[in-house]
Structure formats: C-alpha cells, structure tokens
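A.B. asks: One file is attached below, start27.txt, containing compact mmCIF, C-alpha atoms and all ligand atoms.
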```txt
# COMPACT_ATOMS: atom_id res chain seq x y z
CA MET F 255 -37.68 -2.89 8.80
CA GLU F 256 -35.32 -5.19 10.72
CA LEU F 257 -32.87 -7.28 8.76
CA LEU F 258 -32.25 -10.87 9.85
CA VAL F 259 -29.24 -11.25 12.17
CA VAL F 260 -27.46 -14.60 11.90
CA ASP F 261 -24.90 -15.68 14.46
CA LEU F 262 -22.26 -17.49 12.40
CA ASN F 263 -20.86 -19.11 15.52
CA GLN F 264 -23.61 -21.72 15.49
CA TYR F 265 -22.63 -22.79 11.97
CA LEU F 266 -18.87 -22.58 12.56
CA GLU F 267 -19.10 -24.74 15.68
CA PHE F 268 -21.26 -27.26 13.92
CA ILE F 269 -18.80 -27.54 11.05
CA SER F 270 -15.78 -27.87 13.29
CA ASN F 271 -17.51 -30.58 15.36
CA LYS F 272 -18.48 -32.51 12.32
CA SER F 273 -16.00 -33.55 9.71
CA SER F 274 -18.56 -35.34 7.55
CA SER F 275 -20.64 -33.48 4.94
CA MET F 276 -24.19 -32.23 5.43
CA ASN F 277 -25.55 -34.98 3.21
CA GLY F 278 -27.25 -37.87 4.92
CA GLY F 279 -27.18 -36.42 8.46
CA ASP F 280 -30.52 -36.63 10.22
CA SER F 281 -29.75 -35.56 13.78
CA ASP F 282 -31.53 -32.63 15.43
CA SER F 283 -28.54 -30.35 15.07
CA ASP F 284 -28.25 -31.27 11.37
CA SER F 285 -31.77 -30.13 10.72
CA GLU F 286 -31.35 -27.05 12.89
CA ILE F 287 -28.33 -26.02 10.84
CA LYS F 288 -30.10 -26.82 7.60
CA ASN F 289 -32.97 -24.57 8.67
CA LEU F 290 -30.52 -21.79 9.48
CA CYS F 291 -28.89 -22.19 6.05
CA PHE F 292 -32.31 -22.08 4.45
CA GLU F 293 -33.05 -18.82 6.32
CA VAL F 294 -29.79 -17.35 4.98
CA SER F 295 -30.57 -18.26 1.37
CA LYS F 296 -34.18 -17.06 1.73
CA THR F 297 -33.09 -13.72 3.17
CA LEU F 298 -30.50 -13.20 0.46
CA ARG F 299 -33.16 -13.99 -2.14
CA GLU F 300 -35.87 -11.80 -0.65
CA THR F 301 -33.88 -8.84 0.61
CA GLY F 302 -30.38 -9.03 -0.89
CA ALA F 303 -29.01 -8.20 2.57
CA LEU F 304 -28.21 -9.98 5.80
CA LEU F 305 -26.68 -9.02 9.15
CA VAL F 306 -24.20 -11.46 10.66
CA LYS F 307 -22.24 -11.78 13.87
CA ASP F 308 -18.88 -13.45 13.57
CA PRO F 309 -16.92 -14.10 16.77
CA ARG F 310 -13.68 -13.76 14.78
CA CYS F 311 -14.36 -10.16 13.68
CA SER F 312 -13.84 -8.03 16.78
CA VAL F 313 -14.82 -4.39 17.26
CA GLN F 314 -11.15 -3.69 18.18
CA ASP F 315 -9.92 -5.01 14.81
CA ASN F 316 -12.50 -2.89 13.03
CA ASP F 317 -11.48 0.20 15.03
CA ARG F 318 -7.77 -0.30 14.39
CA PHE F 319 -8.52 -0.48 10.66
CA LEU F 320 -10.78 2.62 10.75
CA ASP F 321 -8.19 4.62 12.72
CA MET F 322 -5.47 3.85 10.19
CA MET F 323 -7.66 4.59 7.18
CA GLU F 324 -8.80 7.93 8.67
CA ASN F 325 -5.15 8.76 9.08
CA TYR F 326 -4.48 7.82 5.47
CA PHE F 327 -7.41 9.72 3.94
CA GLU F 328 -6.44 12.82 5.99
CA LYS F 329 -3.16 12.98 3.99
CA PRO F 330 -2.88 15.51 1.15
CA ASP F 331 -4.31 14.51 -2.23
CA GLU F 332 -0.83 14.64 -3.82
CA PHE F 333 0.38 11.98 -1.39
CA LYS F 334 -2.61 9.71 -1.98
CA CYS F 335 -2.24 10.06 -5.74
CA LEU F 336 1.17 8.36 -5.44
CA GLN F 337 -0.77 5.18 -4.74
CA GLN F 338 -3.05 5.59 -7.76
CA ARG F 339 -2.79 2.81 -10.40
CA SER F 340 -5.23 3.76 -13.16
CA HIS F 341 -3.49 1.40 -15.63
CA LEU F 342 -4.40 -1.46 -13.25
CA HIS F 343 -8.03 -0.32 -13.37
CA TYR F 344 -7.63 1.08 -9.81
CA GLN F 345 -7.89 -2.51 -8.54
CA VAL F 346 -4.97 -1.84 -6.19
CA GLY F 347 -4.11 1.42 -4.39
CA ALA F 348 -6.06 4.67 -4.35
CA THR F 349 -8.98 5.86 -6.46
CA PRO F 350 -9.32 9.66 -6.17
CA GLU F 351 -12.67 11.37 -5.77
CA GLY F 352 -14.45 12.21 -9.00
CA VAL F 353 -13.34 9.06 -10.87
CA GLU F 354 -15.85 6.25 -10.21
CA VAL F 355 -19.15 6.85 -11.96
CA PRO F 356 -22.29 5.45 -10.35
CA ARG F 357 -24.06 3.00 -12.59
CA SER F 358 -27.35 4.90 -12.27
CA LEU F 359 -25.75 7.87 -14.02
CA VAL F 360 -24.87 5.95 -17.18
CA ASP F 361 -27.18 2.92 -17.38
CA GLU F 362 -30.41 3.96 -19.10
CA GLU F 363 -32.19 0.69 -18.26
CA MET F 364 -31.40 1.17 -14.58
CA ARG F 365 -32.62 4.79 -14.72
CA GLN F 366 -35.92 3.64 -16.18
CA LYS F 367 -36.34 0.99 -13.48
CA LEU F 368 -35.66 3.42 -10.69
CA ARG F 369 -38.18 5.92 -12.01
CA ALA F 370 -40.79 3.19 -11.48
CA LEU F 371 -40.03 3.03 -7.74
CA PRO F 372 -42.58 4.66 -5.42
CA GLU F 373 -41.91 8.25 -4.39
CA GLU F 374 -40.74 7.34 -0.85
CA SER F 375 -38.22 4.82 -2.23
CA GLN F 376 -36.63 7.05 -4.85
CA PRO F 377 -32.83 7.17 -4.62
CA SER F 378 -30.96 10.48 -4.70
CA LEU F 379 -30.15 10.94 -8.35
CA PRO F 380 -26.41 11.43 -8.82
CA VAL F 381 -25.38 14.28 -11.13
CA GLY F 382 -21.76 13.28 -11.71
CA PRO F 383 -19.01 10.92 -10.55
CA ASP F 384 -18.83 9.96 -6.87
CA PRO F 385 -16.97 12.44 -4.62
CA LYS F 386 -15.55 9.58 -2.55
CA TRP F 387 -11.99 8.28 -2.44
CA ARG F 388 -11.25 4.59 -2.14
CA TYR F 389 -8.35 2.28 -1.36
CA MET F 390 -8.16 -1.23 -2.80
CA TRP F 391 -6.13 -3.83 -0.90
CA ARG F 392 -6.16 -7.39 -2.09
CA ILE F 393 -6.79 -10.13 0.45
CA GLY F 394 -5.52 -13.66 -0.03
CA PRO F 395 -3.19 -15.45 -2.44
CA ARG F 396 -2.91 -14.38 -6.07
CA PRO F 397 -3.12 -16.93 -8.91
CA SER F 398 0.30 -17.88 -10.31
CA ASN F 399 -1.16 -17.89 -13.78
CA THR F 400 -4.03 -15.70 -14.93
CA ARG F 401 -5.42 -14.16 -18.11
CA PHE F 402 -6.36 -11.12 -16.00
CA GLN F 403 -3.13 -9.58 -14.72
CA GLU F 404 -4.59 -6.15 -13.98
CA LEU F 405 -7.20 -7.67 -11.69
CA ASN F 406 -4.55 -9.65 -9.80
CA SER F 407 -1.71 -7.16 -9.38
CA GLU F 408 1.01 -6.55 -6.77
CA PRO F 409 -0.23 -4.72 -3.67
CA VAL F 410 0.54 -1.04 -3.12
CA VAL F 411 1.70 0.07 0.35
CA PRO F 412 1.77 3.81 1.13
CA GLU F 413 5.00 5.12 2.61
CA GLY F 414 4.99 6.01 6.31
CA PHE F 415 2.49 3.31 7.36
CA PRO F 416 4.61 0.49 8.82
CA GLU F 417 1.49 -1.12 10.27
CA TRP F 418 -0.36 -1.10 6.91
CA LYS F 419 0.00 -4.70 5.76
CA GLU F 420 -0.74 -6.26 9.13
CA THR F 421 -3.74 -4.04 9.84
CA MET F 422 -5.30 -4.50 6.39
CA ASP F 423 -4.61 -8.23 6.22
CA SER F 424 -5.84 -9.06 9.70
CA TRP F 425 -9.16 -7.26 9.20
CA GLY F 426 -9.49 -8.36 5.57
CA TYR F 427 -8.88 -12.07 6.19
CA LYS F 428 -11.49 -12.05 8.94
CA MET F 429 -14.06 -10.43 6.68
CA VAL F 430 -13.33 -12.97 3.92
CA SER F 431 -13.76 -15.78 6.44
CA ALA F 432 -17.17 -14.39 7.45
CA ILE F 433 -18.20 -14.25 3.79
CA GLU F 434 -17.00 -17.82 3.22
CA ALA F 435 -19.22 -19.03 6.06
CA VAL F 436 -22.22 -17.16 4.61
CA ALA F 437 -21.42 -18.48 1.11
CA GLU F 438 -21.37 -22.07 2.41
CA MET F 439 -24.62 -21.56 4.29
CA ALA F 440 -26.28 -19.98 1.27
CA ALA F 441 -25.10 -22.84 -0.98
CA ILE F 442 -26.59 -25.43 1.40
CA GLY F 443 -29.78 -23.38 1.65
CA PHE F 444 -30.09 -23.25 -2.14
CA GLY F 445 -29.67 -27.03 -2.37
CA LEU F 446 -26.18 -26.82 -3.90
CA GLU F 447 -22.99 -28.50 -2.69
CA ARG F 448 -21.64 -26.78 0.40
CA ASP F 449 -18.55 -25.57 -1.49
CA ALA F 450 -20.40 -24.63 -4.68
CA PHE F 451 -19.55 -20.94 -4.21
CA THR F 452 -16.43 -21.09 -2.05
CA SER F 453 -14.58 -23.39 -4.48
CA LEU F 454 -14.99 -20.67 -7.13
CA MET F 455 -13.77 -18.01 -4.68
CA GLN F 456 -10.32 -19.63 -4.22
CA LYS F 457 -7.61 -17.14 -5.26
CA GLY F 458 -10.29 -14.67 -6.23
CA PRO F 459 -9.36 -10.95 -6.20
CA HIS F 460 -11.03 -10.21 -2.87
CA LEU F 461 -10.62 -6.53 -2.14
CA LEU F 462 -10.68 -4.74 1.14
CA ALA F 463 -11.99 -1.53 -0.38
CA PRO F 464 -12.70 1.20 2.18
CA THR F 465 -14.27 4.37 0.83
CA GLY F 466 -13.11 7.70 2.25
CA SER F 467 -15.57 10.60 2.13
CA ASN F 468 -14.54 14.06 3.24
CA LEU F 469 -17.43 15.29 5.38
CA GLN F 470 -15.63 18.50 6.24
CA ARG F 471 -15.75 19.48 2.60
CA TYR F 472 -18.86 17.65 1.37
CA GLY F 473 -20.93 17.25 4.53
CA GLN F 474 -24.06 19.03 3.27
CA LEU F 475 -27.41 17.28 3.61
CA GLY F 476 -28.20 15.34 0.44
CA THR F 477 -24.64 15.04 -0.91
CA VAL F 478 -24.40 11.74 -2.77
CA PHE F 479 -21.11 10.02 -1.96
CA ALA F 480 -21.91 6.82 -3.83
CA GLY F 481 -24.77 7.07 -6.32
CA TYR F 482 -27.39 4.30 -6.59
CA HIS F 483 -25.63 1.15 -7.86
CA TYR F 484 -25.08 -2.57 -7.40
CA ASP F 485 -21.73 -4.16 -6.61
CA LEU F 486 -20.16 -6.11 -9.47
CA ASN F 487 -18.57 -8.77 -7.23
CA PHE F 488 -20.01 -11.89 -5.53
CA LEU F 489 -20.86 -10.79 -1.97
CA THR F 490 -19.97 -7.53 -0.20
CA ILE F 491 -19.47 -7.24 3.54
CA HIS F 492 -19.45 -3.98 5.48
CA GLY F 493 -18.12 -3.61 8.99
CA ARG F 494 -18.91 -0.53 11.01
CA SER F 495 -18.63 2.98 9.66
CA ARG F 496 -18.43 5.85 12.17
CA PHE F 497 -20.88 7.85 10.05
CA PRO F 498 -24.25 6.57 8.79
CA GLY F 499 -25.45 7.18 5.24
CA LEU F 500 -25.86 3.80 3.54
CA ASN F 501 -29.32 3.10 2.11
CA ILE F 502 -30.18 -0.26 0.59
CA TRP F 503 -33.12 -1.44 -1.51
CA LEU F 504 -34.89 -4.73 -0.87
CA ARG F 505 -35.99 -6.87 -3.79
CA ASN F 506 -39.54 -5.49 -3.41
CA GLY F 507 -38.23 -1.97 -4.03
CA GLN F 508 -38.42 -0.83 -0.41
CA LYS F 509 -35.65 1.57 0.61
CA VAL F 510 -34.02 0.84 3.98
CA GLU F 511 -31.66 3.08 5.93
CA VAL F 512 -29.03 0.69 7.26
CA LYS F 513 -28.28 0.61 10.96
CA VAL F 514 -25.63 -2.00 11.65
CA PRO F 515 -25.82 -2.96 15.34
CA VAL F 516 -22.48 -2.88 17.18
CA GLY F 517 -20.68 -6.18 16.68
CA CYS F 518 -22.57 -6.99 13.47
CA LEU F 519 -21.52 -7.02 9.84
CA LEU F 520 -23.75 -6.31 6.84
CA ILE F 521 -23.67 -8.63 3.83
CA GLN F 522 -25.07 -7.59 0.43
CA THR F 523 -25.55 -9.64 -2.70
CA GLY F 524 -23.42 -8.72 -5.72
CA LYS F 525 -23.90 -9.25 -9.45
CA GLN F 526 -21.74 -12.40 -9.58
CA LEU F 527 -24.10 -14.14 -7.13
CA GLU F 528 -27.00 -13.08 -9.34
CA TRP F 529 -25.21 -14.74 -12.28
CA LEU F 530 -24.48 -17.98 -10.41
CA THR F 531 -28.13 -18.29 -9.31
CA ALA F 532 -29.66 -17.20 -12.64
CA GLY F 533 -31.35 -14.26 -10.97
CA GLU F 534 -32.75 -16.19 -7.97
CA CYS F 535 -30.73 -13.68 -5.95
CA LEU F 536 -30.61 -10.21 -7.47
CA ALA F 537 -27.66 -7.89 -6.88
CA GLY F 538 -28.60 -5.52 -4.03
CA MET F 539 -28.99 -1.86 -4.96
CA HIS F 540 -27.62 0.80 -2.60
CA GLU F 541 -26.35 4.37 -2.24
CA VAL F 542 -24.44 6.50 0.28
CA VAL F 543 -25.95 9.91 1.01
CA VAL F 544 -25.47 12.54 3.71
CA THR F 545 -28.63 12.25 5.85
CA ASN F 546 -29.76 13.95 9.05
CA ARG F 547 -28.19 11.09 10.99
CA THR F 548 -24.89 11.72 9.19
CA ILE F 549 -25.11 15.40 10.15
CA ASP F 550 -25.69 14.45 13.81
CA ALA F 551 -22.62 12.18 13.68
CA ILE F 552 -20.60 15.03 12.11
CA GLU F 553 -21.60 17.31 14.99
CA SER F 554 -20.59 14.82 17.65
CA ALA F 555 -17.29 14.04 15.85
CA LYS F 556 -16.54 17.79 15.78
CA GLN F 557 -17.23 18.11 19.50
CA GLN F 558 -14.86 15.24 20.22
CA SER F 559 -12.23 16.47 17.71
CA ARG F 560 -12.49 13.21 15.77
CA SER F 561 -11.75 12.78 12.07
CA LEU F 562 -14.41 14.04 9.65
CA TRP F 563 -13.53 11.45 7.03
CA ARG F 564 -16.26 8.85 6.69
CA VAL F 565 -14.45 5.54 6.20
CA SER F 566 -16.38 2.44 5.20
CA SER F 567 -15.21 -1.05 6.18
CA THR F 568 -16.15 -2.52 2.82
CA LEU F 569 -14.81 -5.80 1.46
CA PHE F 570 -15.70 -7.11 -1.99
CA ALA F 571 -15.45 -10.92 -2.21
CA HIS F 572 -15.01 -12.12 -5.80
CA ILE F 573 -15.21 -15.24 -7.89
CA ALA F 574 -11.69 -16.06 -9.17
CA SER F 575 -10.96 -14.17 -12.41
CA ASP F 576 -10.28 -17.31 -14.47
CA SER F 577 -13.31 -19.23 -13.16
CA ILE F 578 -16.44 -19.42 -15.26
CA LEU F 579 -19.45 -17.45 -14.16
CA LYS F 580 -22.62 -19.35 -15.06
CA PRO F 581 -25.80 -20.55 -13.33
CA LEU F 582 -24.84 -23.43 -11.02
CA GLY F 583 -26.56 -26.81 -10.46
CA HIS F 584 -30.36 -26.65 -10.72
CA PHE F 585 -30.19 -22.91 -11.50
CA ALA F 586 -28.95 -23.89 -14.97
CA GLU F 587 -32.49 -25.22 -15.62
CA SER F 588 -34.09 -21.87 -14.77
CA PRO F 589 -36.01 -20.18 -17.61
CA LEU F 590 -33.89 -17.09 -16.83
CA ALA F 591 -30.56 -18.91 -17.25
CA ALA F 592 -30.22 -17.64 -20.83
CA ASN F 593 -29.87 -14.11 -19.41
CA TYR F 594 -26.68 -15.24 -17.68
CA PRO F 595 -24.41 -16.74 -20.36
CA PRO F 596 -21.14 -18.41 -19.30
CA MET F 597 -18.12 -16.13 -19.20
CA CYS F 598 -14.86 -15.75 -17.29
CA ALA F 599 -15.42 -13.79 -14.09
CA GLY F 600 -12.44 -11.59 -15.04
CA GLU F 601 -14.01 -10.69 -18.37
CA PHE F 602 -17.26 -9.83 -16.62
CA VAL F 603 -15.42 -7.62 -14.11
CA GLU F 604 -13.56 -5.78 -16.87
CA GLN F 605 -16.83 -5.07 -18.68
CA GLU F 606 -18.41 -3.71 -15.52
CA LEU F 607 -15.34 -1.61 -14.64
CA ALA F 608 -15.46 -0.03 -18.09
CA VAL F 609 -19.05 1.14 -17.51
CA ILE F 610 -18.20 2.82 -14.18
CA ASN F 611 -15.07 4.51 -15.58
CA LEU F 612 -12.50 2.42 -13.73
CA LYS F 613 -11.01 0.54 -16.68
CA GLY F 614 -7.82 2.41 -17.50
CA ASN F 615 -6.04 2.13 -20.77
CA LYS F 616 -3.60 -0.81 -21.06
CA ASP F 617 -1.58 0.78 -23.85
O1 LIG T 701 -19.22 3.82 1.57
C1 LIG T 701 -19.96 2.88 1.81
O2 LIG T 701 -20.52 2.73 2.91
C2 LIG T 701 -20.28 1.86 0.74
C3 LIG T 701 -19.86 2.33 -0.58
C4 LIG T 701 -20.28 1.40 -1.67
O3 LIG T 701 -21.40 1.10 -1.87
C5 LIG T 701 -19.25 0.80 -2.51
O4 LIG T 701 -18.08 1.05 -2.22
O5 LIG T 701 -19.57 0.05 -3.44
FE FE T 702 -21.47 -0.54 -3.39
```
Could you render the structure as structure tokens?

C.D. replies:
Amino acid sequence: MELLVVDLNQYLEFISNKSSSMNGGDSDSDSEIKNLCFEVSKTLRETGALLVKDPRCSVQDNDRFLDMMENYFEKPDEFKCLQQRSHLHYQVGATPEGVEVPRSLVDEEMRQKLRALPEESQPSLPVGPDPKWRYMWRIGPRPSNTRFQELNSEPVVPEGFPEWKETMDSWGYKMVSAIEAVAEMAAIGFGLERDAFTSLMQKGPHLLAPTGSNLQRYGQLGTVFAGYHYDLNFLTIHGRSRFPGLNIWLRNGQKVEVKVPVGCLLIQTGKQLEWLTAGECLAGMHEVVVTNRTIDAIESAKQQSRSLWRVSSTLFAHIASDSILKPLGHFAESPLAANYPPMCAGEFVEQELAVINLKGNKD
C-alpha cells in the first residue's frame, strides 16, 4: 500500500504568486491547485494519512534535531526527571517511561472495535503503560490570556544544552508550517474557507513531542512502545525516525507499516480534525512496535556505534485551547454532528489527557 505523496511546493508557490483568494479564479493553475487540494482532503478522509514533501524541511534540520534528542535521552533518568512537570500535565518537559497509558488499554469501546478487525490487521495489545519517554516543547507564541494555563506553560530547557532552543524551534516551526499548508489545502478541498482550520490554530499549543525509546533495554521483537491509539490533537506530523516501527490503520481497517521515504514527512489526522469535520475525517489509529525491520536497524546501529535510542520527530499541531471545537461550515449539517458537541479545545484536551494518565493534580 503506497500512501499519496504531495509536494507542498506546488501549493506554496501558487499561494505566493497569487495574493487573491481561491474563490472566483478559473485559470488552469487555479483548477490544478483545486484538484490537488481535493486529493489532500480525499486522502485524509479515506486513509487518515498523507506523505508530504516540503522544501523548507531539510534532512539536515531533521538530523540535527535527532542527534540532539539522542544525546538528551541517553542522559541518566535522574537528570531527565528534572525536566518533568506532572502538575502541568506533562505538556512541557519530560514524560518518563511507564506514565502514558495507551488508549486501547483503558477504552472498552475501542477494545471492542479492534477485536472486530481481521486477524492480519490486529494491533499488538498493550499490557501496561508505554515504555517510551517523551519531551514536549511548545512551538509558537503563547496566548496572553487563557483559561488553560497548564496547556500553555513556560518552556523547560534542560541544563547543558546551549543549542536546545534554536534546534527545537527551527525544526518545530518548519513542521508547523508544513502542517499549516496541509490544513489550508484540506480546508479548500473540503469546500471550507482556506483559513477555516489555520485561523483556529493561531496561538495553539503546538508541541514538538519526540518520543525516546530505549532499544538497548527494550529492543525485543514485539515490544510495544506506543500501544494502539489515536492522537488527541488536530494533525500530527512525523519527520524521519532512524528506527522503523510505526504502524498505521487506514479507515477501512487495513494495517500499514509506515515507510517514510527520505525527504518526506508523514501527516496523520487527529481527533480535533475529526471533531471539526463531524467525523468526515476520522482520527488515524496507530502503534509503535519493535518489528523485524526495527531489529535490522538495531543491528546496523550497533555495527556503526550509533545511539540505540529510537527518537521520533513527532509534532502535534493543536487548535488553540480557548477556541471552540465544533463541526465547521457544511459539516454542521451532517447527521453525525450531534456526536461532536461544541466545547473549548482546551477542555477537550484535558479530558483526553485524563484518560491516558497525563493529567496531573492541580492541587
Ligand atoms: O514514536 C513514534 O513514532 C510515534 C509515537 C506516537 O504515536 C505518539 O507519540 O503519539
Ligand atoms: Fe500517536
């Protein structure tokens, strides 16, 4: 199964050459771009995943980020725990292994649904919390006034990493820009205003959120690093990881082992997009498991004396915490709209964090 690859350059060039809106244009390039946008929305609807190429996101930037994060995750647990902020729901700084609980472990409805999948598409059933670490680094401006302080907190910078802020920000901003382009294209493809999604993303708590999985310790075939789940945010983008292991499920229930071609980024639909489209797009299910391909990559990393921490280049793009999550435009007329009642995005996020054991105690 090959996922659609979209070169964002075509869209970005079109937009920069044209200051007017998409509405009313009837030139050849207008309709070519509209078709491309339609492809993006169709793919997100049918598969929940999309590969993109963005000229702004270079392999060098991705590598610089991965090198630094490997260095960080190699540090002793006691050091990394200094950056833990459980009272801020782990939405900044480090989340130790054994904290985040995969939704499929605790959500009975989800467990029932997955049992109905065909044998060859069954996920690996997690038996406990995920053995992965994570670091959350916010990208972009914070709101000056918000009802959701914990979701919009001060950044945490580990000591001894003078290059931290620059490395995280430069990679993170580029990934957010790629998501913004996809969000505009999807909005056009769905027949919404071009900025229908991106206007709600302004000052959202976008998180560069690399996972760190210790393959030296937990590199056995079948180890589940991230149990079957969906992402609670709007859209997720993954750059390259040096170790494979991510499986995704298409809307039709087919399981796909992800191979991100060099120079490409993988986009997955999150629950907030599902909300905004009244279920036209469903949140993409996925898991991270040690497979035979991961084992091969471990062997070659050992031979080259490279780090055995599997770092993901994950960024979660969010709807702003104080914006209202509800079916947009014509999606409000959908018979399924009642399943997606209006609520503040921040309230939704807090509810979801509570289920996966990330909502610390405020008091
Ligand atoms: O580690 C990865 O590749 C992705 C992990 C994941 O699904 C997540 O962080 O939500
Ligand atoms: Fe995920």

A.B. asks: Under the rule of at most 9 Å, produce a per-residue listing of chain F near ligand FE 702 (chain T): chain, number, name, the closest pair of atoms, and the distance in Å, as CSV, using all atoms listed in the file.

C.D. replies:
```
residue,atom,partner,partner_atom,distance
F:Ala480,CA,T:FE702,FE,7.4
F:Gly481,CA,T:FE702,FE,8.8
F:Tyr482,CA,T:FE702,FE,8.3
F:His483,CA,T:FE702,FE,6.3
F:Tyr484,CA,T:FE702,FE,5.8
F:Asp485,CA,T:FE702,FE,4.9
F:Leu486,CA,T:FE702,FE,8.3
F:Thr490,CA,T:FE702,FE,7.8
F:Gln522,CA,T:FE702,FE,8.8
F:Gly524,CA,T:FE702,FE,8.7
F:Gly538,CA,T:FE702,FE,8.7
F:Met539,CA,T:FE702,FE,7.8
F:His540,CA,T:FE702,FE,6.3
F:Glu541,CA,T:FE702,FE,7.0
F:Val542,CA,T:FE702,FE,8.5
F:Thr568,CA,T:FE702,FE,8.4
F:Phe570,CA,T:FE702,FE,8.9
```

A.B. asks: In Å, how far is it from CA of Val259 in chain F to atom C3 of ligand LIG 701 (chain T)?

C.D. replies: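 Between these atoms lies a distance of 20.9 Å.
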
A.B. asks: Extract, using only C-alpha atoms, all DNA, RNA and protein residues at most 9 Å from Asn593 in chain F, discarding same-chain residues fewer than 4 positions from it, and format them as a CSV table (one decimal) with C-alpha atoms, keeping the file's coordinate frame.

C.D. replies:
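Contents of the output file part_27.csv:
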```csv
chain,number,residue,atom,x,y,z
F,529,TRP,CA,-25.2,-14.7,-12.3
F,532,ALA,CA,-29.7,-17.2,-12.6
F,533,GLY,CA,-31.4,-14.3,-11.0
F,589,PRO,CA,-36.0,-20.2,-17.6
```

A.B. asks: With distances taken over all atoms listed in the file, which residue among F:Ser567, F:Thr297, F:Gln605, F:Gln403 lies nearest Met439 in chain F?

C.D. replies: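 Smallest distance to Met439 in chain F is found for F:Thr297.
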
A.B. asks: Using only C-alpha atoms and all ligand atoms for the distances, tell me which of F:Leu536, F:Leu305, F:Ile610, F:Leu258 is nearest to ligand LIG 701 (chain T).

C.D. replies: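 Between F:Leu536, F:Leu305, F:Ile610, F:Leu258, the residue approaching ligand LIG 701 (chain T) most closely is F:Ile610.
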
A.B. asks: If I take CA of Gly302 in chain F and CA of Ser358 in chain F, how far is one from the other in Å, to one decimal?

C.D. replies: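 So the answer is 18.2 Å.
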
A.B. asks: Can you pull out every residue within 7 Å of Ala599 in chain F, counting all atoms listed in the file, but drop anything in the same chain fewer than 4 positions away, and send it as a list in words?

C.D. replies: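 Neighbouring residues, sequence-local ones excluded: Ile573, Ala574, Ser575, Asp576, Ser577, Ile578, Leu579 and Val603 of chain F.
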
A.B. asks: Which polymer residues have any atom within 10 Å of an atom of Ser312 in chain F, counting only C-alpha atoms, with same-chain residues fewer than 6 positions away left out, as JSON, numbers by chain?

C.D. replies: {"F": [425, 428, 493, 517, 518]}

A.B. asks: Which polymer residues, whether protein, DNA or RNA, lie within 12 Å of the coordinate (-33.0, -18.4, 9.2) when you count only C-alpha atoms? List them as a PyMOL selection string, using the chain letters and numbers from the file.

C.D. replies: chain F and resi 257-262+264-265+285-298+304-306+436+439-440+443
